[in-house]
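Shown next: query_5.cif, containing mmCIF, C-alpha atoms.
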data_my_file
loop_
_atom_site.label_atom_id
_atom_site.label_comp_id
_atom_site.auth_asym_id
_atom_site.auth_seq_id
_atom_site.Cartn_x
_atom_site.Cartn_y
_atom_site.Cartn_z
CA MET A 36 61.64 51.20 197.30
CA THR A 37 61.68 51.15 193.49
CA ALA A 38 58.94 53.75 193.52
CA LEU A 39 60.80 56.08 195.87
CA SER A 40 64.14 55.77 194.10
CA ALA A 41 62.39 56.38 190.79
CA LEU A 42 60.86 59.57 192.22
CA ILE A 43 64.21 60.75 193.62
CA ARG A 44 66.03 60.04 190.35
CA ARG A 45 63.37 61.83 188.32
CA ASP A 46 63.39 64.95 190.49
CA ILE A 47 67.19 65.17 190.48
CA ARG A 48 67.28 64.68 186.72
CA ILE A 49 64.73 67.46 186.17
CA ALA A 50 66.58 69.78 188.56
CA LEU A 51 69.90 69.27 186.79
CA ARG A 52 68.57 69.72 183.25
CA VAL A 53 68.19 73.06 181.53
CA GLY A 54 65.55 75.14 183.30
CA GLY A 55 65.78 73.05 186.46
CA GLY A 56 66.25 74.73 189.81
CA ALA A 57 69.55 73.25 191.00
CA LEU A 58 71.87 75.86 189.46
CA ILE A 59 69.70 78.84 190.38
CA GLY A 60 70.32 78.28 194.09
CA VAL A 61 74.09 77.99 193.73
CA LEU A 62 74.26 81.07 191.50
CA PHE A 63 72.22 83.07 194.00
CA PHE A 64 74.48 81.90 196.83
CA LEU A 65 77.53 82.86 194.77
CA THR A 66 76.10 86.31 194.00
CA VAL A 67 75.26 87.14 197.61
CA VAL A 68 78.64 86.04 198.96
CA VAL A 69 80.70 87.61 196.17
CA LEU A 70 78.95 90.97 196.56
CA MET A 71 79.25 91.02 200.33
CA PRO A 72 82.97 91.96 200.56
CA PHE A 73 82.33 94.89 198.22
CA ALA A 74 79.49 96.11 200.46
CA VAL A 75 81.29 95.58 203.77
CA GLY A 76 84.64 96.95 202.67
CA PRO A 77 88.18 95.61 202.69
CA ASP A 78 88.48 95.16 206.47
CA LEU A 79 89.75 91.57 206.61
CA ALA A 80 89.15 91.10 210.34
CA LEU A 81 85.54 92.27 209.98
CA LEU A 82 85.02 90.02 206.96
CA SER A 83 86.25 86.91 208.71
CA ARG A 84 84.11 87.77 211.74
CA LEU A 85 81.00 88.14 209.56
CA GLY A 86 81.97 85.28 207.23
CA PRO A 87 80.04 82.39 208.81
CA ALA A 88 76.91 84.52 209.18
CA ILE A 89 77.10 85.67 205.55
CA LEU A 90 77.59 82.10 204.30
CA TRP A 91 74.70 80.85 206.41
CA LEU A 92 72.36 83.64 205.30
CA GLY A 93 73.27 83.07 201.67
CA ALA A 94 72.74 79.33 201.96
CA LEU A 95 69.41 79.77 203.78
CA LEU A 96 67.98 82.17 201.19
CA ALA A 97 69.35 80.09 198.31
CA SER A 98 67.80 76.89 199.60
CA LEU A 99 64.42 78.59 200.06
CA LEU A 100 64.60 80.19 196.63
CA THR A 101 63.60 77.11 194.66
CA LEU A 102 61.68 75.32 197.39
CA ASP A 103 58.26 76.84 196.59
CA ARG A 104 58.32 74.91 193.28
CA LEU A 105 58.71 71.60 195.16
CA PHE A 106 55.05 70.60 194.79
CA MET A 107 53.81 73.42 192.54
CA ALA A 108 55.25 71.95 189.32
CA ASP A 109 53.77 68.51 190.06
CA HIS A 110 50.46 70.13 190.95
CA GLU A 111 50.28 72.12 187.72
CA ASP A 112 50.98 69.23 185.38
CA GLY A 113 48.77 66.73 187.21
CA SER A 114 51.61 64.52 188.50
CA LEU A 115 50.57 65.23 192.08
CA ASP A 116 47.17 63.59 191.41
CA LEU A 117 48.86 60.38 190.34
CA ILE A 118 51.33 60.51 193.23
CA THR A 119 48.41 60.92 195.67
CA MET A 120 46.55 57.98 194.13
CA SER A 121 49.58 55.68 194.00
CA ARG A 122 50.42 52.73 196.23
CA THR A 123 53.28 54.68 197.82
CA PRO A 124 52.22 56.45 201.04
CA LEU A 125 52.09 60.20 200.41
CA GLU A 126 54.33 60.84 203.44
CA LEU A 127 57.13 58.75 201.92
CA ALA A 128 56.67 60.38 198.53
CA CYS A 129 56.97 63.81 200.20
CA ALA A 130 60.14 62.72 202.02
CA ALA A 131 61.59 61.42 198.74
CA LYS A 132 60.83 64.69 196.98
CA ALA A 133 62.45 66.71 199.78
CA LEU A 134 65.50 64.45 199.77
CA ALA A 135 65.84 64.86 196.00
CA HIS A 136 65.56 68.64 196.39
CA TRP A 137 68.25 68.65 199.07
CA LEU A 138 70.57 66.49 196.96
CA ALA A 139 70.11 68.65 193.87
CA ALA A 140 69.91 72.12 195.43
CA GLY A 141 71.30 71.86 198.97
CA LEU A 142 74.40 69.74 198.51
CA PRO A 143 75.90 72.00 195.79
CA LEU A 144 75.75 74.91 198.27
CA ILE A 145 77.89 72.95 200.73
CA VAL A 146 80.34 72.00 197.98
CA ALA A 147 80.61 75.69 197.00
CA THR A 148 81.27 76.83 200.57
CA PRO A 149 85.07 76.26 200.65
CA VAL A 150 85.52 78.36 197.50
CA LEU A 151 83.36 81.17 198.83
CA GLY A 152 85.10 81.00 202.21
CA LEU A 153 88.23 82.28 200.45
CA LEU A 154 86.42 85.48 199.48
CA LEU A 155 85.48 86.10 203.10
CA ASN A 156 88.98 85.56 204.48
CA LEU A 157 88.02 82.37 206.31
CA ASP A 158 90.82 79.92 207.11
CA MET A 159 90.65 76.15 206.66
CA VAL A 160 89.19 75.44 210.11
CA ALA A 161 86.52 78.13 209.81
CA THR A 162 85.49 77.03 206.31
CA GLY A 163 85.36 73.42 207.45
CA ALA A 164 83.20 74.38 210.43
CA VAL A 165 80.76 76.32 208.27
CA ALA A 166 80.55 73.52 205.71
CA LEU A 167 79.94 70.96 208.45
CA THR A 168 77.19 73.05 210.08
CA LEU A 169 75.58 73.59 206.67
CA LEU A 170 75.69 69.85 206.07
CA ALA A 171 73.94 69.27 209.39
CA GLY A 172 71.53 72.20 209.12
CA THR A 173 70.35 72.48 205.51
CA PRO A 174 68.21 69.29 205.71
CA ALA A 175 66.21 71.08 208.40
CA LEU A 176 65.67 74.03 206.04
CA THR A 177 64.49 71.75 203.22
CA PHE A 178 62.21 69.57 205.34
CA THR A 179 60.54 72.46 207.18
CA GLY A 180 60.37 74.42 203.93
CA MET A 181 58.50 71.50 202.41
CA ILE A 182 55.58 72.20 204.77
CA GLY A 183 55.36 75.73 203.41
CA ALA A 184 55.62 74.42 199.84
CA ALA A 185 52.73 72.01 200.45
CA LEU A 186 50.60 74.77 201.97
CA ALA A 187 51.42 77.06 199.06
CA VAL A 188 49.98 74.44 196.69
CA THR A 189 46.80 73.86 198.66
CA LEU A 190 46.13 77.54 199.32
CA HIS A 191 46.96 78.54 195.72
CA ARG A 192 49.43 81.20 196.81
CA GLY A 193 52.97 81.22 195.60
CA GLY A 194 56.32 82.26 196.93
CA LEU A 195 55.34 85.07 199.27
CA LEU A 196 53.22 82.89 201.53
CA MET A 197 55.95 80.29 201.51
CA ALA A 198 58.50 82.86 202.74
CA VAL A 199 56.18 84.12 205.47
CA LEU A 200 55.45 80.58 206.67
CA VAL A 201 58.92 79.15 206.47
CA LEU A 202 61.19 81.98 207.61
CA PRO A 203 60.12 81.80 211.29
CA LEU A 204 60.78 78.06 211.27
CA SER A 205 64.24 78.56 209.82
CA ILE A 206 65.34 81.12 212.44
CA PRO A 207 66.40 78.50 215.05
CA VAL A 208 68.40 76.68 212.39
CA LEU A 209 70.16 79.92 211.46
CA ILE A 210 70.88 80.80 215.11
CA PHE A 211 72.40 77.45 216.00
CA GLY A 212 74.16 77.07 212.66
CA VAL A 213 75.99 80.37 213.02
CA ALA A 214 76.55 79.79 216.75
CA ALA A 215 78.22 76.43 216.08
CA SER A 216 80.41 77.93 213.34
CA GLN A 217 81.45 80.84 215.57
CA ALA A 218 82.15 78.45 218.45
CA ALA A 219 84.52 76.48 216.26
CA ILE A 220 86.30 79.63 215.07
CA VAL A 221 86.55 81.99 218.05
CA GLY A 222 85.02 80.17 221.02
CA PRO A 223 84.42 80.55 223.91
CA MET A 224 81.49 78.10 223.67
CA THR A 225 82.18 74.50 222.80
CA PHE A 226 81.32 73.46 219.23
CA GLY A 227 79.45 70.40 220.43
CA ALA A 228 76.49 72.03 222.17
CA PRO A 229 75.06 74.22 219.37
CA PHE A 230 76.03 71.59 216.78
CA SER A 231 74.06 68.89 218.62
CA ILE A 232 71.03 71.16 218.74
CA LEU A 233 71.43 71.83 215.02
CA CYS A 234 71.49 68.08 214.33
CA ALA A 235 68.45 67.65 216.57
CA LEU A 236 66.57 70.33 214.61
CA SER A 237 67.34 68.48 211.38
CA LEU A 238 66.24 65.12 212.80
CA VAL A 239 62.99 66.56 214.15
CA SER A 240 62.17 68.20 210.83
CA LEU A 241 63.00 64.96 208.97
CA VAL A 242 60.23 63.30 210.95
CA ILE A 243 57.65 66.09 211.13
CA GLY A 244 58.12 67.62 207.67
CA PRO A 245 56.84 64.73 205.52
CA PHE A 246 53.81 64.11 207.74
CA ALA A 247 52.86 67.78 207.90
CA ALA A 248 53.34 68.23 204.15
CA ALA A 249 51.34 65.09 203.30
CA ALA A 250 48.55 66.13 205.69
CA SER A 251 48.41 69.53 204.05
CA LEU A 252 48.30 68.04 200.55
CA LYS A 253 45.57 65.56 201.51
CA HIS A 254 43.52 68.24 203.22
CA GLY A 255 43.75 70.51 200.21
CA LEU A 256 42.66 67.93 197.61
CA ASP A 257 40.59 69.50 194.87
CA MET B 269 34.48 43.13 190.02
CA GLN B 270 31.81 45.74 190.66
CA LEU B 271 32.26 49.48 191.09
CA SER B 272 29.32 51.06 192.81
CA GLY B 273 28.35 54.42 194.22
CA HIS B 274 25.38 55.08 196.46
CA GLY B 275 23.89 58.47 197.19
CA VAL B 276 27.11 60.23 196.19
CA THR B 277 26.96 63.95 196.85
CA CYS B 278 29.53 66.41 195.63
CA VAL B 279 29.99 69.94 196.96
CA ARG B 280 32.52 72.25 195.34
CA GLY B 281 33.23 75.72 196.70
CA GLY B 282 30.06 75.67 198.83
CA ARG B 283 27.87 74.81 195.81
CA GLU B 284 26.18 71.43 195.49
CA VAL B 285 27.21 70.03 192.11
CA PHE B 286 25.15 66.84 192.29
CA ALA B 287 23.44 64.94 195.08
CA GLY B 288 22.26 61.40 195.73
CA LEU B 289 23.90 59.97 192.62
CA ASP B 290 23.74 56.18 192.26
CA PHE B 291 25.86 54.38 189.71
CA GLY B 292 27.43 51.02 189.09
CA ALA B 293 29.66 49.24 186.60
CA GLY B 294 30.89 45.66 186.42
CA SER B 295 33.85 43.93 184.80
CA GLY B 296 33.99 44.46 181.07
CA GLU B 297 31.61 47.36 181.22
CA ALA B 298 32.11 50.96 180.15
CA VAL B 299 30.13 53.87 181.56
CA ALA B 300 30.00 57.14 179.65
CA VAL B 301 29.30 60.02 181.99
CA VAL B 302 27.48 62.73 180.09
CA GLY B 303 26.08 66.08 181.08
CA ARG B 304 26.41 69.75 180.26
CA ASN B 305 29.49 71.78 181.16
CA GLY B 306 29.83 72.20 184.90
CA SER B 307 27.46 69.35 185.71
CA GLY B 308 30.20 67.54 187.64
CA LYS B 309 31.58 64.94 185.24
CA THR B 310 35.20 65.62 186.18
CA SER B 311 34.22 65.88 189.85
CA LEU B 312 32.65 62.42 189.71
CA LEU B 313 35.84 60.93 188.26
CA ARG B 314 37.95 62.69 190.88
CA LEU B 315 35.63 61.39 193.62
CA ILE B 316 36.14 57.83 192.40
CA ALA B 317 39.90 58.45 192.16
CA GLY B 318 39.95 59.62 195.78
CA LEU B 319 41.13 63.07 194.72
CA LEU B 320 37.97 64.65 196.13
CA ILE B 321 36.18 63.72 199.33
CA PRO B 322 32.45 63.06 198.83
CA ALA B 323 30.17 65.27 200.91
CA GLY B 324 27.89 62.25 201.27
CA GLY B 325 27.40 58.69 200.08
CA THR B 326 29.88 55.91 199.42
CA ILE B 327 31.93 54.65 196.50
CA ALA B 328 33.37 51.15 196.63
CA LEU B 329 34.96 48.50 194.44
CA HIS B 330 33.91 44.94 195.23
CA GLY B 331 35.84 41.95 194.01
CA GLY B 332 39.10 43.79 193.36
CA ASP B 333 42.37 43.30 195.20
CA ALA B 334 41.40 43.31 198.89
CA GLU B 335 44.85 44.63 199.88
CA LEU B 336 44.47 47.79 197.82
CA THR B 337 42.23 50.82 198.08
CA LEU B 338 40.03 51.91 195.18
CA PRO B 339 42.33 54.76 194.02
CA GLU B 340 45.29 52.38 194.04
CA GLN B 341 43.49 50.20 191.48
CA CYS B 342 42.57 53.11 189.22
CA HIS B 343 44.21 54.88 186.33
CA TYR B 344 43.21 58.52 186.16
CA LEU B 345 43.62 60.27 182.84
CA GLY B 346 42.76 63.91 183.45
CA HIS B 347 42.99 67.15 181.51
CA ARG B 348 46.59 67.46 182.57
CA ASP B 349 49.00 64.91 181.19
CA ALA B 350 51.41 64.47 184.15
CA LEU B 351 54.38 64.78 181.81
CA LYS B 352 57.66 66.54 182.52
CA PRO B 353 58.85 68.63 179.56
CA ALA B 354 62.51 68.23 180.59
CA LEU B 355 62.39 64.42 180.39
CA SER B 356 62.28 62.38 177.22
CA VAL B 357 59.21 60.43 176.16
CA ALA B 358 60.74 57.12 177.31
CA GLU B 359 61.95 58.62 180.62
CA ASN B 360 58.48 59.97 181.38
CA LEU B 361 56.91 56.60 180.73
CA THR B 362 59.44 54.49 182.64
CA PHE B 363 59.23 56.86 185.60
CA TRP B 364 55.49 56.31 185.94
CA ALA B 365 55.94 52.57 185.41
CA ASP B 366 58.56 52.42 188.20
CA PHE B 367 56.67 54.74 190.52
CA LEU B 368 53.17 53.32 190.12
CA GLY B 369 54.43 49.73 190.35
CA GLY B 370 52.35 46.58 190.16
CA GLU B 371 52.00 44.43 187.08
CA ARG B 372 53.79 46.12 184.19
CA PHE B 373 54.33 45.62 180.51
CA ASP B 374 57.13 46.57 178.17
CA ALA B 375 57.33 50.36 177.82
CA GLY B 376 58.77 50.19 174.30
CA GLU B 377 55.88 48.06 173.11
CA SER B 378 53.34 50.45 174.62
CA LEU B 379 55.01 53.36 172.83
CA ALA B 380 54.83 51.42 169.57
CA THR B 381 51.13 50.71 170.15
CA VAL B 382 50.30 54.41 170.58
CA GLY B 383 52.59 55.34 167.66
CA LEU B 384 55.32 57.15 169.60
CA ASP B 385 58.19 54.65 169.27
CA HIS B 386 60.02 56.93 166.81
CA ALA B 387 59.96 59.77 169.37
CA ALA B 388 61.15 57.81 172.43
CA ASP B 389 64.26 59.96 172.94
CA LEU B 390 62.57 63.28 172.20
CA PRO B 391 62.06 65.61 175.19
CA ALA B 392 58.35 65.75 176.04
CA ALA B 393 58.49 69.54 175.64
CA PHE B 394 58.47 69.07 171.86
CA LEU B 395 55.35 66.90 171.73
CA SER B 396 52.10 68.19 170.27
CA ALA B 397 48.90 68.03 172.31
CA GLY B 398 47.85 64.85 170.51
CA GLN B 399 51.22 63.22 171.08
CA ARG B 400 51.09 64.12 174.77
CA ARG B 401 47.72 62.43 175.00
CA ARG B 402 49.13 59.36 173.24
CA LEU B 403 51.99 59.24 175.74
CA SER B 404 49.45 59.32 178.60
CA LEU B 405 47.65 56.42 176.96
CA ALA B 406 50.96 54.51 176.88
CA ARG B 407 51.01 54.86 180.68
CA LEU B 408 47.64 53.09 180.85
CA LEU B 409 49.08 50.22 178.82
CA THR B 410 52.43 49.88 180.59
CA VAL B 411 51.01 49.88 184.11
CA ARG B 412 48.00 47.61 184.44
CA ARG B 413 45.10 48.83 186.54
CA PRO B 414 41.59 47.30 186.41
CA VAL B 415 39.70 50.62 186.56
CA TRP B 416 40.26 53.36 183.99
CA LEU B 417 38.91 56.81 184.82
CA LEU B 418 39.07 58.87 181.65
CA ASP B 419 38.28 62.56 181.42
CA GLU B 420 37.59 63.63 177.83
CA PRO B 421 40.07 60.99 176.66
CA THR B 422 39.74 61.64 172.94
CA THR B 423 40.48 65.38 173.11
CA ALA B 424 43.36 66.29 170.80
CA LEU B 425 43.49 62.82 169.23
CA ASP B 426 43.19 62.61 165.45
CA VAL B 427 40.75 60.19 163.79
CA ALA B 428 43.34 57.40 163.58
CA GLY B 429 44.23 58.05 167.23
CA GLN B 430 40.59 57.79 168.27
CA ASP B 431 40.26 54.46 166.44
CA MET B 432 43.45 53.19 168.08
CA PHE B 433 42.13 54.30 171.47
CA SER B 434 38.76 52.61 170.92
CA GLY B 435 40.67 49.41 170.20
CA LEU B 436 42.67 49.79 173.42
CA MET B 437 39.49 50.32 175.44
CA ARG B 438 37.90 47.23 173.88
CA GLU B 439 40.98 45.16 174.81
CA HIS B 440 40.87 46.51 178.35
CA LEU B 441 37.20 45.59 178.70
CA ALA B 442 37.85 42.14 177.21
CA ARG B 443 40.50 41.56 179.91
CA GLY B 444 37.78 42.20 182.51
CA GLY B 445 38.62 45.85 183.05
CA LEU B 446 36.21 48.63 183.78
CA ILE B 447 35.97 52.10 182.28
CA VAL B 448 34.30 55.25 183.52
CA ALA B 449 34.71 58.05 181.00
CA ALA B 450 33.47 61.62 181.06
CA THR B 451 32.85 62.63 177.50
CA HIS B 452 31.01 64.83 175.04
CA ALA B 453 32.11 62.90 171.97
CA PRO B 454 31.07 59.28 171.38
CA LEU B 455 33.62 56.83 172.80
CA GLY B 456 33.47 54.45 169.87
CA ILE B 457 32.68 51.46 172.08
CA ASP B 458 29.53 49.99 173.58
CA SER B 459 28.87 51.90 176.75
CA ARG B 460 26.16 52.60 179.23
CA GLU B 461 25.19 56.24 179.64
CA LEU B 462 25.20 57.92 183.05
CA ARG B 463 23.56 61.32 182.77
CA ILE B 464 24.21 63.83 185.52
CA GLY B 465 22.86 67.31 186.08
CA GLY B 466 19.74 67.07 183.88
CA ALA B 467 19.46 67.38 180.10
CA VAL B 468 22.37 68.53 177.97
#
Can the structure in the file be given as structure tokens, please?
Amino acid sequence: MTALSALIRRDIRIALRVGGGALIGVLFFLTVVVLMPFAVGPDLALLSRLGPAILWLGALLASLLTLDRLFMADHEDGSLDLITMSRTPLELACAAKALAHWLAAGLPLIVATPVLGLLLNLDMVATGAVALTLLAGTPALTFTGMIGAALAVTLHRGGLLMAVLVLPLSIPVLIFGVAASQAAIVGPMTFGAPFSILCALSLVSLVIGPFAAAASLKHGLD
Amino acid sequence: MQLSGHGVTCVRGGREVFAGLDFGAGSGEAVAVVGRNGSGKTSLLRLIAGLLIPAGGTIALHGGDAELTLPEQCHYLGHRDALKPALSVAENLTFWADFLGGERFDAGESLATVGLDHAADLPAAFLSAGQRRRLSLARLLTVRRPVWLLDEPTTALDVAGQDMFSGLMREHLARGGLIVAATHAPLGIDSRELRIGGAV
């Protein structure tokens, strides 16, 4: 446990310091959402109808933005060698790294959502629904994205490959995330059904992600 | 404790680097792996560290901790220093001590031994190449592992640093440790030579 908490604390500390990735994601999210009303126009009804989708798209792209560096930085400076050799199972180390990434880069997006909801003419209930679905859905994005990040390291290809590999996996999360938000705002579906599926997607990726990423890293040892 | 390899074959990128290599080292013994560039010195260390899969043969450690695998009982000091520029010297060291676990010694004392105690709060980004190497050596002292795998360990160290490092290696061997080092320069300690890939 000491080993894992040390890894989580280190990764969060690096992400929050100057040059770390945590702020980049939030700034990107902010940019996308702030620009959207200017592109769509001042139609308030249209904005609030598109709001949840815009927030979800922004959050999805922002959380993928820094994810390709998840293992790349450790690979480049040799830390990954030591992590692979250590007494901590690689699967657990992968899970710890993904958790740290979500805490440093994913959680700030959810905290920023209520503020950005104002710009999209979303009321309290709608903003709450979007924030709740993001809270349930972004772990799935991080933990499936981790598989792409591990493959990007072993195949020596950067961000592009990562996007191609991970985007298809994130489509179900996006669909059910937006569906649950819309259900809470306008109906007619119940909120529970798509939200449960969203939670299920997160739980499945929590289990599969670390094993797939560790397998990929082990296979690509060089 | 006895580290031994039998018929170890290494293939990189479809090319056979070396084949049928036999080697061994016991407690308190240092092996200097020598050979020309590209003969597979680093590959041999990475095979022992479990970072490469041998194409043939076996590598085993007898008489170590039966609960642990060979890589878990090794320190690997490679070309890359495994340091994070955003973290301070002390943070880098305590992270590895916490993460690697096992028997550990005072981090501050290790930093003093390698001559970095005055820079403990300095971000690692500001260290010179020699200082980075010294910080890696502090990791070897803080976290105790019986097998040291060293890849060109004296690169970037000044003369005083090389003497200090020779002393550290002697202490490690005296404690019953074991060293396998890939090197072009003399290690400064009594060592057995393992030549791979023909004459230099």
- Task: Using only C-alpha atoms, find the residues of chain B whose closest atom to chain A is at most 10 Å away, then write them as number ranges by chain.
- Result: B: 280-281, 311, 314-315, 317-321, 336-355, 359-360, 362-370
- Message: Restricting the calculation to all atoms listed in the file: of B:Glu297, B:Gly303, B:Leu329, B:Leu384, which residue gets closest to Leu271 (chain B)?
- Response: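 With all atoms listed in the file as the atom set, the closest residue is B:Leu329.
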Quick one: residues within 6 Å of Leu446 (chain B), all atoms listed in the file counted, chain neighbours fewer than 6 positions away excluded, as a PDB file with C-alpha atoms, in the coordinates of the input?
ATOM      1  CA  SER B 295      33.850  43.930 184.800  1.00  0.00           C
ATOM      2  CA  GLY B 296      33.990  44.460 181.070  1.00  0.00           C
ATOM      3  CA  GLU B 297      31.610  47.360 181.220  1.00  0.00           C
ATOM      4  CA  ALA B 298      32.110  50.960 180.150  1.00  0.00           C
ATOM      5  CA  VAL B 415      39.700  50.620 186.560  1.00  0.00           C
TER       6      VAL B 415
END
- Target residues per the PyMOL selection byres ((chain A and resi 73-83) around 12), formatted as a ChimeraX atom specification: /A:66-72,84-90,151-162,165,216-217,220-221
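Between CA of Glu461 (chain B) and CA of Ala406 (chain B) there is a distance of 26.0 Å.
Nearest to Ser459 (chain B) of all the residues B:Val357, B:Ala442, B:Val382, B:Ala293 is B:Ala293, based on all atoms listed in the file.
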- Message: Starting from the PyMOL selection byres ((chain A and resi 201) around 12), expand the selection into actual residues of this file and give them as a PyMOL selection string.
- Response: chain A and resi 95-96+98-100+102-103+175-187+194-200+202-208+244
- Select, from A:Thr189, A:Thr148, A:Thr168, A:Thr101, the residue with the minimum atom-to-atom distance to Ala218 (chain A), counting all atoms listed in the file.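 Looking at the shortest contact to Ala218 (chain A), the residue is A:Thr168.
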Evaluate the PyMOL selection byres ((chain B and resi 299) around 12) against this structure - the residues, as a PDB file with C-alpha atoms, keeping the file's coordinate frame, please.
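Generated output (part.pdb):
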ATOM      1  CA  LEU B 271      32.260  49.480 191.090  1.00  0.00           C
ATOM      2  CA  SER B 272      29.320  51.060 192.810  1.00  0.00           C
ATOM      3  CA  PHE B 291      25.860  54.380 189.710  1.00  0.00           C
ATOM      4  CA  GLY B 292      27.430  51.020 189.090  1.00  0.00           C
ATOM      5  CA  ALA B 293      29.660  49.240 186.600  1.00  0.00           C
ATOM      6  CA  GLY B 294      30.890  45.660 186.420  1.00  0.00           C
ATOM      7  CA  SER B 295      33.850  43.930 184.800  1.00  0.00           C
ATOM      8  CA  GLY B 296      33.990  44.460 181.070  1.00  0.00           C
ATOM      9  CA  GLU B 297      31.610  47.360 181.220  1.00  0.00           C
ATOM     10  CA  ALA B 298      32.110  50.960 180.150  1.00  0.00           C
ATOM     11  CA  ALA B 300      30.000  57.140 179.650  1.00  0.00           C
ATOM     12  CA  VAL B 301      29.300  60.020 181.990  1.00  0.00           C
ATOM     13  CA  VAL B 302      27.480  62.730 180.090  1.00  0.00           C
ATOM     14  CA  LYS B 309      31.580  64.940 185.240  1.00  0.00           C
ATOM     15  CA  LEU B 313      35.840  60.930 188.260  1.00  0.00           C
ATOM     16  CA  VAL B 415      39.700  50.620 186.560  1.00  0.00           C
ATOM     17  CA  TRP B 416      40.260  53.360 183.990  1.00  0.00           C
ATOM     18  CA  LEU B 417      38.910  56.810 184.820  1.00  0.00           C
ATOM     19  CA  LEU B 418      39.070  58.870 181.650  1.00  0.00           C
ATOM     20  CA  ASP B 419      38.280  62.560 181.420  1.00  0.00           C
ATOM     21  CA  MET B 437      39.490  50.320 175.440  1.00  0.00           C
ATOM     22  CA  LEU B 441      37.200  45.590 178.700  1.00  0.00           C
ATOM     23  CA  GLY B 445      38.620  45.850 183.050  1.00  0.00           C
ATOM     24  CA  LEU B 446      36.210  48.630 183.780  1.00  0.00           C
ATOM     25  CA  ILE B 447      35.970  52.100 182.280  1.00  0.00           C
ATOM     26  CA  VAL B 448      34.300  55.250 183.520  1.00  0.00           C
ATOM     27  CA  ALA B 449      34.710  58.050 181.000  1.00  0.00           C
ATOM     28  CA  ALA B 450      33.470  61.620 181.060  1.00  0.00           C
ATOM     29  CA  THR B 451      32.850  62.630 177.500  1.00  0.00           C
ATOM     30  CA  PRO B 454      31.070  59.280 171.380  1.00  0.00           C
ATOM     31  CA  LEU B 455      33.620  56.830 172.800  1.00  0.00           C
ATOM     32  CA  ILE B 457      32.680  51.460 172.080  1.00  0.00           C
ATOM     33  CA  ASP B 458      29.530  49.990 173.580  1.00  0.00           C
ATOM     34  CA  SER B 459      28.870  51.900 176.750  1.00  0.00           C
ATOM     35  CA  ARG B 460      26.160  52.600 179.230  1.00  0.00           C
ATOM     36  CA  GLU B 461      25.190  56.240 179.640  1.00  0.00           C
ATOM     37  CA  LEU B 462      25.200  57.920 183.050  1.00  0.00           C
ATOM     38  CA  ARG B 463      23.560  61.320 182.770  1.00  0.00           C
TER      39      ARG B 463
END
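Put simply, CA of Ile327 (chain B) is 10.7 Å away from CA of Gln270 (chain B).
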- Task: Measure the distance from CA of Gly456 (chain B) to CA of Ser434 (chain B) in Å and round it to one decimal.
- Result: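 The value is 5.7 Å.
Residues in contact range of Thr381 (chain B), defined as at most 9 Å between all atoms listed in the file, with sequence neighbours fewer than 4 positions away removed, read B:Gly376, B:Glu377, B:Asp385, B:Ala406, B:Leu409, B:Met432.
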- Query: Which residue gives the smallest distance to Phe63 (chain A) among A:Gly141, A:Pro229, A:Gly93, A:Gly172, with all atoms listed in the file counted?
  - Reply: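 For Phe63 (chain A), the nearest of the candidates is A:Gly93.
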- Message: What's around Leu361 (chain B) at 8 Å? Count only C-alpha atoms, leave out sequence neighbours fewer than 5 positions away in its own chain, and write the answer as a list in words.
- Response: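 Result of the neighbour search: Ala375, Leu403, Ala406 and Arg407 of chain B.
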- Item | Answer as a ChimeraX atom specification, residues within 9 Å of (25.8, 64.6, 191.8) using all atoms listed in the file | /B:275-279,284-290,307-309,311-312,464-465
Take the residues that were just selected and, keeping C-alpha atoms, output them as a short mmCIF file (atom, residue, chain, number, x, y, z; two decimals), keeping the file's coordinate frame.
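The file below, selection_35.cif, is the result:
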data_model
loop_
_atom_site.label_atom_id
_atom_site.label_comp_id
_atom_site.auth_asym_id
_atom_site.auth_seq_id
_atom_site.Cartn_x
_atom_site.Cartn_y
_atom_site.Cartn_z
CA GLY B 275 23.89 58.47 197.19
CA VAL B 276 27.11 60.23 196.19
CA THR B 277 26.96 63.95 196.85
CA CYS B 278 29.53 66.41 195.63
CA VAL B 279 29.99 69.94 196.96
CA GLU B 284 26.18 71.43 195.49
CA VAL B 285 27.21 70.03 192.11
CA PHE B 286 25.15 66.84 192.29
CA ALA B 287 23.44 64.94 195.08
CA GLY B 288 22.26 61.40 195.73
CA LEU B 289 23.90 59.97 192.62
CA ASP B 290 23.74 56.18 192.26
CA SER B 307 27.46 69.35 185.71
CA GLY B 308 30.20 67.54 187.64
CA LYS B 309 31.58 64.94 185.24
CA SER B 311 34.22 65.88 189.85
CA LEU B 312 32.65 62.42 189.71
CA ILE B 464 24.21 63.83 185.52
CA GLY B 465 22.86 67.31 186.08
#
- Find the residues with any atom within 12 Å of (76.0, 68.6, 194.7); use all atoms listed in the file and the coordinates as given in the file, and write the answer as a PyMOL selection string. chain A and resi 47+50-51+57-58+60-61+135-148+170
